[in-house]
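Enquirer: Questions regarding the structure given below will be posed in turn.
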Amino acid sequence: MPMTTAQRGGATRTVICTHCEQPNSVARRAMSVFCSSCRKRLILEDYRIDSYYAVRDFSTCGDIVVEKGGFVVAPIKVGNLTIKGKVQGQVIARGTVLIDKSGQCKGDIEAAGLIIEHGGSYDGRLRIGCAPPALETPEAPAPKPIQPSAKKKARPMSAAPETSTVVG
Ligand SMILES: [Zn+2]
C-alpha cells in the first residue's frame with residue numbers, strides 16, 4: 001500500500017507573512033491572500049525578473065529569480081532568491097540566497113543560507129542562519145526546572161561516621 005504524500009502536497013500550505021511574520025495557511029494555488037493576522041496583502045507568486053525593476057517594496061512569500069539581464073533595485077523579502085543579474089537593496093530571505101557566477105548583489109543580506117558561486121560578487125553585510133522570528137515561540141515551555149527532591153532528608157553531618165585512615 002503506497003504511502004500517501006497528501007500531507008506535503010496537499011491543498012494548503014503555510015506561508016509566513018512578509019509584514020508581520022505570522023504563519024498563514026493558504027490554498028496551494030493561491031496567488032495572493034490577506035494575512036489573517038495583520039490583514040495586509042500577501043503575494044505568494046514566484047517572480048522572474050529579466051529587466052530593470054525598481055520598486056519601493058518587493059515582497060513575496062514565493063521565490064524570485066533575477067535573470068542575467070535583470071536589475072532589481074528594491075528592498076526584497078522573499079523565500080528563495082537567485083541572482084544571475086544585479087540586485088541592489090536589502091535582502092531578507094526565508095530560504096537561500098544564491099548569487100550565480102554572473103550575479104551581483106549590493107546590499108545587506110539576511111537569509112537562512114547563502115551560496116555565492118565563483119565569479120559572483122557581493123558587497124554588503126551578512127546575517128546568515130538566524131532563526132526566522134516567526135519560529136521563535138514566545139511562549140516556549142520553560143526549561144524543566146530542576147525539581148528539588150521532595151523529601152529533603154537532611155542528614156546530619158555527624159551521621160557520617162567514616163574514620164579517615166591517616167596514612168603516615
Ligand atoms: Zn501579516
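Every chain in the C-alpha cells takes a letter, A first, then B, and so on in the order presented; its residues are numbered from 1, and the ligands are numbered from 1 following the presented order.
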Residues up to 9 Å from ligand 1, counting only C-alpha atoms and all ligand atoms: could you list those as a count of residues only?
Expert: 18
Enquirer: Please return as a PyMOL selection string: the residues of range 57-116 of chain A that backbone DSSP assigns to strand (DSSP E or B).
Expert: chain A and resi 58-59+64-66+71-73+76-78+81-83+86-88+91-99+104-106+109-116
Enquirer: Per residue of range 16-61 of chain A within 9 Å of range 78-95 of chain A, what are the shortest atom pair and its distance in Å to one decimal, counting only C-alpha atoms, with rows by chain and residue number, as CSV?
Expert:
residue,atom,partner,partner_atom,distance
A:Ile16,CA,A:Arg94,CA,8.8
A:Thr18,CA,A:Val78,CA,7.9
A:Ile49,CA,A:Gly85,CA,8.9
A:Asp50,CA,A:Gly85,CA,8.0
A:Phe58,CA,A:Val78,CA,8.1
A:Ser59,CA,A:Val78,CA,5.9
A:Thr60,CA,A:Val78,CA,5.1
A:Cys61,CA,A:Gly79,CA,5.6
Enquirer: So which residues touch range 108-118 of chain A within 9 Å, counting only C-alpha atoms, skipping near sequence neighbours fewer than 4 positions away, as a count of residues only?
Expert: 27
Enquirer: Give me, please, the distance in Å between CA of Gly107 in chain A and CA of Val15 in chain A, quoted to one decimal.
Expert: 24.9 Å
Enquirer: Using Å and a single decimal, report how far CA of Asp57 in chain A sits from CA of Ser32 in chain A.
Expert: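 So the two atoms, CA of Ser32 in chain A and CA of Asp57 in chain A, lie 15.7 Å apart.
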Enquirer: What separation in Å, quoted to one decimal, exists between CA of Glu45 in chain A and CA of Gln104 in chain A?
Expert: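 Taking CA of Glu45 in chain A and CA of Gln104 in chain A, their separation equals 23.3 Å.
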Enquirer: Smallest atom-to-atom distance to Ala30 in chain A: which of A:Ala11, A:Val66, A:Cys105, A:Ile76, using only C-alpha atoms?
Expert: A:Ala11
